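Q: My questions will all concern the structure given below.
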Amino acid sequence: MARIRTTVDGLVYEDDVEPRMLLVQYLRERLGKTGTVIGCDTSNCGACTVHLDGMSVKSCSVLAVQANGAEVLTIEGLERDGQLHPMQQAFHDNHALQCGYCTPGMIMQSIDLLGDNPDPSETEIREGIEGNLCRCTGYQNIVRAVQDAASKMKPGASATQQSSAQPVAGGGA
Amino acid sequence: MIPAQFDYVRPTTVEEAVQALRDGGDDAKLLAGGQSLLPVLRLRMADPSLIIDLGGIAELKGVREDGDSVVVGAMTSHYDVARDDTLRQHVALIQEATKTVADPQVRHRGTLGGALAHADPAGDLAAPALALDAQFVIAGPDGTRTVAAADFFEDYFTTAIGEGELLTEIRFPKYTGWGARYEKFNRVAQAWSIVAVAATVKTDGGSITDARIGLTNMAGTPVRARGVEAALVGQSATEDNVRQAAQAAAEGTSPTADADAGSDYREHLARVLTGRAVLAAVG
């Protein structure tokens with residue numbers, strides 16, 4: 001067992017984990033954060049995308065122990081005071097989902113994309129989310145949603161940073 | 001799937017990593033960015049008893065100039081390689097190839113050293129490393145040694161890194177002012193290269209004065225297209241001349257046949273993509 005201390009969606013958690021535990025398992029099974037889903041389990045689909053120290057990663061391809069000391073942001077940590085993140089709102093407004101299974105990963109990757117490139121072209125959006133598969137093939141509205149969010153998140157848009165006040169909570173289980 | 005059980009250590013220096021390798025014996029496995037290893041562990045295609053995570057070794061990360069070379073730490077992520085100004089200026093080819101690796105999430109975690117040590121014949125970074133005459137610095141119990149790219153890649157998934165050793169740095173000579181292009185042919189987004197061509201070319205007043213070309217997935221290891229390189233030098237950089245020279249691209253290769261492509265089709269791709277890559281590199 002390895003002791004890890006990780007900040008997830010603004011809360012600090014300390015837990016003992018087996019070294020082989022995947023980050024996505026830790027999030028879902030220990031912390032109950034089932035908003036992050038497991039799709040392909042082979043690093044292809046991107047459904048399990050979260051941010052690790054500010055960078056998008058496929059949480060099925062990171063060990064929980066590798067997140068020790070790091071900050072994790074999941075789809076569940078985006079909402080602020082009952083307000084959806086602009087990217088979540090844009091997915092809602094543009095009906096950027098069909099079955100919805102890829103949506104958490106799509107949203108997390110799209111936010112990462114705009115962090116690197118706040119004003120992407122359609123091609124840059126499609127390349128930016130190439131690690132995320134929508135098996136309903138609903139890409140058209142997903143691209144529209146990212147364009148919509150980009151226009152609303154331009155400089156001057158409201159901050160989406162996490163609060164730094166972080167009580168310690170046990171992971172349970 | 002969940003990996004089989006293993007012990008885990010996270011050294012903070014190369015020395016500690018070498019010691020961990022010694023302690024772990026031949027059942028230890030090095031973890032770089034994990035973007036190939038973790039899927040392999042999950043599929044239970046490997047079952048190491050000890051994972052040595054190199055992610056905590058600060059000296060293995062970053063890009064620096066050292067005289068006529070640019071030195072990239074083995075644990076530098078694809079994301080950082082793709083954005084580095086020094087590499088853009090002096091070793092553009094490795095950057096062009098790195099931008100095509102997998103997808104953004106994988107490029108955030110995956111590392112140059114990890115990809116080269118993995119030595120997948122369809123991986124995108126070995127051919128440019130070979131074309132660029134990179135030098136591989138390897139640390140082991142007896143200190144460090146340096147291996148030329150031509151001797152580093154030995155076979156499918158096999159390199160000159162010996163038991164108890166790890167790759168610490170990749171040293172690139174400077175190709176300042178050379179044009180570069182990585183021309184990759186794959187079937188769908190984030191798929192492996194069926195064939196790809198790494199080309200970097202020096203021109204002077206419309207004439208090609210030097211050229212380096214490496215081929216991805218045309219054999220168990222990356223291959224230099226030396227016939228094309230020789231045919232290009234001294235030519236004016238016209239489309240006709242380049243396409244003519246590119247006809248030699250498949251010479252000396254032994255491409256595999258699989259569900260994506262037969263050997264003869266891969267040879268065809270090598271010729272076509274070499275022409276495209278060189279034309280794009282000369283701009």
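All residue names refer to the structure tokens as shown: chains lettered A, B, ... in order, residues numbered from 1 in each chain, ligands numbered from 1 in order.
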If we count only C-alpha atoms, which residues of chain A reach to within 10 Å of chain B? Please list them as an mmCIF file with C-alpha atoms, in the first residue's frame.

A:
```
data_model
loop_
_atom_site.group_PDB
_atom_site.id
_atom_site.type_symbol
_atom_site.label_atom_id
_atom_site.label_comp_id
_atom_site.auth_asym_id
_atom_site.auth_seq_id
_atom_site.Cartn_x
_atom_site.Cartn_y
_atom_site.Cartn_z
ATOM 1 C CA MET A 1 0.000 0.000 0.000
ATOM 2 C CA ALA A 2 1.124 3.536 -0.703
ATOM 3 C CA GLU A 18 -2.410 -0.264 -3.967
ATOM 4 C CA PRO A 19 0.285 0.881 -6.417
ATOM 5 C CA ARG A 20 -1.628 -0.751 -9.238
ATOM 6 C CA MET A 21 -4.783 1.307 -8.647
ATOM 7 C CA LEU A 22 -5.568 3.504 -11.636
ATOM 8 C CA GLN A 25 -10.565 3.795 -10.216
ATOM 9 C CA ASP A 41 -10.147 0.958 -20.938
ATOM 10 C CA THR A 42 -7.379 0.996 -23.557
ATOM 11 C CA SER A 43 -6.404 4.690 -23.631
ATOM 12 C CA ASN A 44 -8.208 5.376 -26.872
ATOM 13 C CA GLY A 46 -10.744 9.804 -23.712
ATOM 14 C CA THR A 49 -10.180 12.627 -19.200
ATOM 15 C CA VAL A 50 -9.456 14.762 -16.121
ATOM 16 C CA HIS A 51 -6.940 17.526 -15.453
ATOM 17 C CA LEU A 52 -3.798 16.607 -13.521
ATOM 18 C CA MET A 55 -3.115 19.297 -17.955
ATOM 19 C CA SER A 56 -5.633 16.937 -19.475
ATOM 20 C CA VAL A 57 -4.807 13.251 -19.017
ATOM 21 C CA LYS A 58 -6.574 9.972 -19.564
ATOM 22 C CA SER A 59 -7.094 8.859 -15.984
ATOM 23 C CA CYS A 60 -7.123 5.193 -17.030
ATOM 24 C CA SER A 61 -3.465 5.632 -18.009
ATOM 25 C CA VAL A 62 -2.228 7.240 -14.811
ATOM 26 C CA LEU A 63 -1.680 5.404 -11.544
ATOM 27 C CA VAL A 65 0.161 6.944 -6.822
ATOM 28 C CA GLN A 66 1.372 9.164 -9.667
ATOM 29 C CA GLN A 109 -10.421 18.138 -23.012
ATOM 30 C CA ASP A 112 -7.715 22.162 -21.804
ATOM 31 C CA LEU A 113 -7.692 23.052 -25.497
ATOM 32 C CA ARG A 126 -11.167 18.780 -34.205
ATOM 33 C CA GLU A 127 -7.456 18.096 -33.718
ATOM 34 C CA GLY A 128 -7.624 19.270 -30.110
ATOM 35 C CA ILE A 129 -10.271 16.685 -29.265
ATOM 36 C CA GLU A 130 -8.846 13.908 -31.425
ATOM 37 C CA GLY A 131 -8.139 11.867 -28.300
ATOM 38 C CA ASN A 132 -11.848 11.783 -27.468
ATOM 39 C CA LEU A 133 -14.212 9.515 -29.325
#
```

Q: Mind checking which residues fall within 12 Å of A:Thr34, counting only C-alpha atoms, ignoring those fewer than 2 positions away in the same chain, and posting them as an MDAnalysis selection string?

A: chainID A and resid 24:32 36:38 47:48 74:77 101 104

Q: If you keep N, CA and C atoms, can you produce a file of those selected residues as an mmCIF file, in the first residue's frame?

A:
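Now in selection_18.cif:
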```cif
data_model
loop_
_atom_site.group_PDB
_atom_site.id
_atom_site.type_symbol
_atom_site.label_atom_id
_atom_site.label_comp_id
_atom_site.auth_asym_id
_atom_site.auth_seq_id
_atom_site.Cartn_x
_atom_site.Cartn_y
_atom_site.Cartn_z
ATOM 1 N N VAL A 24 -8.401 6.633 -12.394
ATOM 2 C CA VAL A 24 -9.842 6.647 -12.633
ATOM 3 C C VAL A 24 -10.585 5.770 -11.626
ATOM 4 N N GLN A 25 -9.958 4.655 -11.243
ATOM 5 C CA GLN A 25 -10.565 3.795 -10.216
ATOM 6 C C GLN A 25 -10.624 4.517 -8.884
ATOM 7 N N TYR A 26 -9.531 5.203 -8.551
ATOM 8 C CA TYR A 26 -9.477 5.948 -7.295
ATOM 9 C C TYR A 26 -10.597 6.988 -7.255
ATOM 10 N N LEU A 27 -10.736 7.726 -8.343
ATOM 11 C CA LEU A 27 -11.758 8.777 -8.385
ATOM 12 C C LEU A 27 -13.151 8.187 -8.241
ATOM 13 N N ARG A 28 -13.410 7.108 -8.929
ATOM 14 C CA ARG A 28 -14.762 6.548 -8.953
ATOM 15 C C ARG A 28 -15.063 5.717 -7.706
ATOM 16 N N GLU A 29 -14.125 4.817 -7.379
ATOM 17 C CA GLU A 29 -14.440 3.808 -6.368
ATOM 18 C C GLU A 29 -14.130 4.271 -4.956
ATOM 19 N N ARG A 30 -13.103 5.109 -4.780
ATOM 20 C CA ARG A 30 -12.778 5.610 -3.443
ATOM 21 C C ARG A 30 -13.510 6.913 -3.155
ATOM 22 N N LEU A 31 -13.457 7.828 -4.115
ATOM 23 C CA LEU A 31 -14.014 9.154 -3.855
ATOM 24 C C LEU A 31 -15.463 9.276 -4.317
ATOM 25 N N GLY A 32 -15.974 8.267 -5.018
ATOM 26 C CA GLY A 32 -17.360 8.305 -5.463
ATOM 27 C C GLY A 32 -17.609 9.295 -6.585
ATOM 28 N N THR A 36 -16.662 11.012 -13.761
ATOM 29 C CA THR A 36 -15.590 10.594 -14.675
ATOM 30 C C THR A 36 -15.836 9.132 -15.017
ATOM 31 N N VAL A 37 -16.019 8.854 -16.295
ATOM 32 C CA VAL A 37 -16.433 7.507 -16.691
ATOM 33 C C VAL A 37 -15.285 6.736 -17.333
ATOM 34 N N ILE A 38 -15.446 5.428 -17.377
ATOM 35 C CA ILE A 38 -14.495 4.551 -18.056
ATOM 36 C C ILE A 38 -15.150 4.103 -19.355
ATOM 37 N N ALA A 47 -12.836 9.158 -22.605
ATOM 38 C CA ALA A 47 -14.008 9.415 -21.755
ATOM 39 C C ALA A 47 -13.597 9.720 -20.316
ATOM 40 N N CYS A 48 -12.451 9.185 -19.887
ATOM 41 C CA CYS A 48 -11.999 9.332 -18.494
ATOM 42 C C CYS A 48 -11.095 10.545 -18.310
ATOM 43 N N THR A 74 -11.922 17.211 -11.925
ATOM 44 C CA THR A 74 -12.808 16.351 -12.710
ATOM 45 C C THR A 74 -14.015 17.167 -13.172
ATOM 46 N N ILE A 75 -14.833 16.519 -13.968
ATOM 47 C CA ILE A 75 -16.062 17.162 -14.443
ATOM 48 C C ILE A 75 -16.912 17.642 -13.262
ATOM 49 N N GLU A 76 -16.789 16.946 -12.114
ATOM 50 C CA GLU A 76 -17.620 17.301 -10.957
ATOM 51 C C GLU A 76 -17.145 18.568 -10.261
ATOM 52 N N GLY A 77 -15.945 19.014 -10.604
ATOM 53 C CA GLY A 77 -15.416 20.203 -9.944
ATOM 54 C C GLY A 77 -15.561 21.470 -10.761
ATOM 55 N N TYR A 101 -22.185 9.714 -23.131
ATOM 56 C CA TYR A 101 -21.124 8.993 -22.418
ATOM 57 C C TYR A 101 -19.762 9.666 -22.572
ATOM 58 N N PRO A 104 -18.283 13.958 -20.381
ATOM 59 C CA PRO A 104 -17.347 14.458 -19.360
ATOM 60 C C PRO A 104 -15.928 14.633 -19.905
#
```

Q: Between B:Asp260, B:Glu251, B:Glu239, B:Glu15, single out the one closest to B:Gly140, counting only C-alpha atoms.

A: B:Glu15

Q: List as a list in words the protein and nucleic acid residues near B:Ala122, meaning an atom at most 9 Å away when only C-alpha atoms are counted, but skip any in the same chain fewer than 4 places from it.

A: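 With the cut-off at 9 Å, the set is Ala126, Trp192, Ser193, Ile194, Val195, Ala196, Thr216, Asn217, Met218, Gly220, Thr221 and Pro222 of chain B.
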
Q: Write out as a PyMOL selection string each polymer residue whose atoms come within 8 Å of A:Thr7, counting only C-alpha atoms; drop sequence neighbours fewer than 6 positions from it.

A: chain A and resi 13+69-72

Q: What would the file look like if the residues just selected were written as a PDB file, in the first residue's frame with N, CA and C atoms?

A:
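And here's again.pdb as it stands now:
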```
ATOM      1  N   TYR A  13      -7.547  14.938  -0.167  1.00  0.00           N
ATOM      2  CA  TYR A  13      -7.843  13.578   0.283  1.00  0.00           C
ATOM      3  C   TYR A  13      -6.543  12.858   0.602  1.00  0.00           C
ATOM      4  N   GLY A  69       0.409  14.243  -4.336  1.00  0.00           N
ATOM      5  CA  GLY A  69       0.917  15.618  -4.291  1.00  0.00           C
ATOM      6  C   GLY A  69       0.380  16.495  -5.403  1.00  0.00           C
ATOM      7  N   ALA A  70      -0.468  15.940  -6.237  1.00  0.00           N
ATOM      8  CA  ALA A  70      -0.944  16.694  -7.401  1.00  0.00           C
ATOM      9  C   ALA A  70      -2.370  17.194  -7.183  1.00  0.00           C
ATOM     10  N   GLU A  71      -2.796  18.035  -8.098  1.00  0.00           N
ATOM     11  CA  GLU A  71      -4.148  18.575  -8.069  1.00  0.00           C
ATOM     12  C   GLU A  71      -4.923  17.992  -9.242  1.00  0.00           C
ATOM     13  N   VAL A  72      -6.068  17.406  -8.927  1.00  0.00           N
ATOM     14  CA  VAL A  72      -6.901  16.791  -9.960  1.00  0.00           C
ATOM     15  C   VAL A  72      -8.196  17.585 -10.079  1.00  0.00           C
TER      16      VAL A  72
END
```

Q: Any chance you could list, as a PyMOL selection string, the residues in stretch 115-194 of chain B that come up helix (DSSP H, G or I) when DSSP is run on the backbone?

A: chain B and resi 115-118+126-131+149-152

Q: Generate a file of the selected residues that holds N, CA and C atoms, formatted as a tab-separated table (two decimals), in the first residue's frame.

A:
```tsv
chain	number	residue	atom	x	y	z
B	115	ALA	N	9.29	7.00	-25.27
B	115	ALA	CA	8.89	6.53	-26.60
B	115	ALA	C	10.07	5.90	-27.32
B	116	LEU	N	11.27	6.50	-27.20
B	116	LEU	CA	12.43	5.96	-27.91
B	116	LEU	C	12.87	4.63	-27.30
B	117	ALA	N	12.80	4.53	-25.97
B	117	ALA	CA	13.20	3.28	-25.32
B	117	ALA	C	12.19	2.17	-25.60
B	118	HIS	N	10.93	2.54	-25.79
B	118	HIS	CA	9.90	1.55	-26.11
B	118	HIS	C	10.16	0.96	-27.50
B	126	ALA	N	11.42	7.58	-33.46
B	126	ALA	CA	12.69	6.90	-33.75
B	126	ALA	C	13.25	7.31	-35.10
B	127	ALA	N	12.40	7.41	-36.12
B	127	ALA	CA	12.90	7.76	-37.45
B	127	ALA	C	13.52	9.16	-37.48
B	128	PRO	N	12.87	10.17	-36.89
B	128	PRO	CA	13.56	11.46	-36.85
B	128	PRO	C	14.84	11.42	-36.03
B	129	ALA	N	14.85	10.68	-34.92
B	129	ALA	CA	16.09	10.59	-34.12
B	129	ALA	C	17.22	9.98	-34.94
B	130	LEU	N	16.87	8.97	-35.75
B	130	LEU	CA	17.88	8.34	-36.60
B	130	LEU	C	18.33	9.30	-37.70
B	131	ALA	N	17.36	9.96	-38.34
B	131	ALA	CA	17.71	10.90	-39.42
B	131	ALA	C	18.59	12.03	-38.89
B	149	ALA	N	22.46	6.84	-32.70
B	149	ALA	CA	21.13	6.37	-33.09
B	149	ALA	C	21.22	5.13	-33.99
B	150	ALA	N	22.23	5.11	-34.86
B	150	ALA	CA	22.36	3.99	-35.80
B	150	ALA	C	22.57	2.66	-35.07
B	151	ASP	N	23.09	2.73	-33.83
B	151	ASP	CA	23.33	1.51	-33.05
B	151	ASP	C	22.29	1.31	-31.94
B	152	PHE	N	21.44	2.30	-31.73
B	152	PHE	CA	20.52	2.26	-30.59
B	152	PHE	C	19.34	1.33	-30.85
```

Q: Got a sec to tell me which of stretch 4-173 of chain A DSSP assigns to strand (DSSP E or B), as an MDAnalysis selection string?

A: chainID A and resid 4:8 11:17 22 49:52 55:58 63 71:73 80 83 168:170
